[in-house]
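Colleague: Sharing a structure, written as structure tokens. Questions coming.
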Amino acid sequence: MMMRNGISGLALAATLTLLAGSVVTAETKAADDPNLVAAYDEDGRYYTEDDVPTFNIQEDGTVDWLTYSGFRRYHAECHVCHGPEGEGSTYAPALKNSAIDMDYYDFVDVVTNGRKRISSSENSVMPSFGDNPNVMCYLDDIYVYLKAHGSEAIARGRPAKKEDKSDAIREAENACLGT
Ligand code: HEC
């Protein structure tokens, strides 16, 4: 459920300001970038003021569920080409930077539909994952993890402490996977 339902624009702005103050953000270069800072949360998912998924790292290093889940999903589906921790490889770009520099909707579009750059000097193919539930059901998780890592909000490696998976996240996952 959106927590912004039924409030006016002005009240909304004030609410978001309050919320932004209450969400704990790691002290990184991410600390005041509106594309990264969590402005509000919804059943365990965090969003920027523009309703784009983002991470939330507590002071003791506890990561939000999507960041944790995304670490695992990334290393199951993407790292073979894009390198461990989104660091990039000789033939695929460093996604830890892409997740920060690219528009969220462009990121989703490339993963869903793929992208090719083929010429006499290049043969670069990003496969489309639109039919792969192990990617599509966890696309926000992967994106959020890469954003957290790319902005240096989390250290390398599997995050040690995580928030519990919320019922809403579990239900959405089951619905997406059709289980
Ligand atoms: C088989 C190798 C391969 C796999 C697996 C793969 N990618 Fe890619 N990806 C590429 C290549 C190559 C490119 C560059 C395509 C181009 O030149 O347009 C790319 C590009 C991208 C881009 C655009 C990056 C930018 O900065 O423009 C995104 C986003 C992306 N991949 C996400 C993913 C995600 C998420 C996964 C895992 C679900 C994944 N990729 C798995 C090969 C791969």
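Order determines the names: the first chain of the structure tokens is A, the second B, and so forth; residues in each chain are numbered 1 upward, and ligands are numbered 1 upward as they are shown.
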I'd like the neighbourhood of segment 51-55 of chain A as a list in words, where a residue qualifies if any of its atoms comes within 6 Å (using only C-alpha atoms), though same-chain residues fewer than 2 positions away should be ignored.
Modeller: Leu36, Tyr46, Tyr47, Thr48, Glu49, Val144 and Ala148 of chain A
Colleague: Selected residues, N, CA and C atoms, written as a PDB file, in the first residue's frame, please.
Modeller:
```pdb
ATOM      1  N   LEU A  36      19.697   8.162  -5.105  1.00  0.00           N
ATOM      2  CA  LEU A  36      20.138   7.062  -4.245  1.00  0.00           C
ATOM      3  C   LEU A  36      19.443   7.054  -2.882  1.00  0.00           C
ATOM      4  N   TYR A  46      12.443   0.046  -0.443  1.00  0.00           N
ATOM      5  CA  TYR A  46      12.764   1.468  -0.301  1.00  0.00           C
ATOM      6  C   TYR A  46      12.748   2.144  -1.665  1.00  0.00           C
ATOM      7  N   TYR A  47      12.320   3.423  -1.657  1.00  0.00           N
ATOM      8  CA  TYR A  47      12.195   4.177  -2.908  1.00  0.00           C
ATOM      9  C   TYR A  47      12.770   5.581  -2.743  1.00  0.00           C
ATOM     10  N   THR A  48      13.272   6.123  -3.858  1.00  0.00           N
ATOM     11  CA  THR A  48      13.702   7.514  -3.869  1.00  0.00           C
ATOM     12  C   THR A  48      12.469   8.405  -3.935  1.00  0.00           C
ATOM     13  N   GLU A  49      12.682   9.703  -3.862  1.00  0.00           N
ATOM     14  CA  GLU A  49      11.541  10.625  -3.951  1.00  0.00           C
ATOM     15  C   GLU A  49      10.857  10.530  -5.308  1.00  0.00           C
ATOM     16  N   VAL A 144      18.906  -2.777  -7.129  1.00  0.00           N
ATOM     17  CA  VAL A 144      19.146  -2.132  -5.834  1.00  0.00           C
ATOM     18  C   VAL A 144      20.508  -2.549  -5.266  1.00  0.00           C
ATOM     19  N   ALA A 148      23.672  -0.079  -4.484  1.00  0.00           N
ATOM     20  CA  ALA A 148      24.298  -0.015  -3.147  1.00  0.00           C
ATOM     21  C   ALA A 148      25.802  -0.218  -3.264  1.00  0.00           C
TER      22      ALA A 148
END
```
Colleague: Which residues are near ligand 1 - at most 9 Å, using only C-alpha atoms and all ligand atoms? Format: as a ChimeraX atom specification.
Modeller: /A:73-82,91-99,101-102,104,106-112,114-118,122-129,132,134-136,138-139,142-143,146
Colleague: I'd like the interatomic distance between atom CA of Asp64 of chain A and atom CA of Asp141 of chain A, to a tenth of an Å.
Modeller: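 Straight-line distance from atom CA of Asp64 of chain A to atom CA of Asp141 of chain A works out to 9.9 Å.
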Colleague: Env of Lys165 of chain A: 10 Å cut, atoms = only C-alpha atoms, seq-sep filter 2 positions within chain, self excluded. Answer as a PyMOL selection string.
Modeller: chain A and resi 43-45+64-66+68-69+162-163+167-170
Colleague: Go ahead and save the residues from that selection, with C-alpha atoms, as a short mmCIF file (atom, residue, chain, number, x, y, z; two decimals), in the first residue's frame.
Modeller:
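This is the output file result-v7.cif:
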```cif
data_model
loop_
_atom_site.label_atom_id
_atom_site.label_comp_id
_atom_site.auth_asym_id
_atom_site.auth_seq_id
_atom_site.Cartn_x
_atom_site.Cartn_y
_atom_site.Cartn_z
CA ASP A 43 6.55 -3.05 3.17
CA GLY A 44 10.32 -3.52 3.22
CA ARG A 45 11.08 -1.94 -0.17
CA ASP A 64 17.49 -3.96 3.26
CA TRP A 65 16.16 -7.29 1.98
CA LEU A 66 16.43 -6.38 -1.73
CA TYR A 68 20.81 -8.89 0.18
CA SER A 69 18.64 -10.82 -2.27
CA LYS A 162 19.91 -8.08 6.58
CA GLU A 163 16.36 -7.02 7.26
CA ASP A 167 5.28 -10.76 3.89
CA ALA A 168 4.56 -8.39 0.98
CA ILE A 169 7.88 -9.23 -0.68
CA ARG A 170 7.27 -12.96 -0.16
#
```
Colleague: Which residue, A:Gly130, A:Gly150, A:Asp33, A:Ser121, has the smallest gap to Gly88 of chain A when you use only C-alpha atoms?
Modeller: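 Result for the nearest residue to Gly88 of chain A: A:Gly150.
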Colleague: Could you state the separation of atom CA of Asp50 of chain A and atom CA of Asn35 of chain A in Å, given to one decimal place?
Modeller: 7.9 Å
Colleague: Measuring between only C-alpha atoms, which one of A:Glu42, A:Thr67, A:Asn56, A:Gly178 shows the shortest distance to Arg158 of chain A?
Modeller: A:Thr67
Colleague: Out of segment 36-166 of chain A, which residues get helix (DSSP H, G or I) from DSSP, as a PyMOL selection string?
Modeller: chain A and resi 65-77+79-82+84-86+95-101+104-113+133-136+139-150
Colleague: Any idea what the distance is between atom CA of Val37 of chain A and atom CA of Asp103 of chain A?
Modeller: 15.0 Å
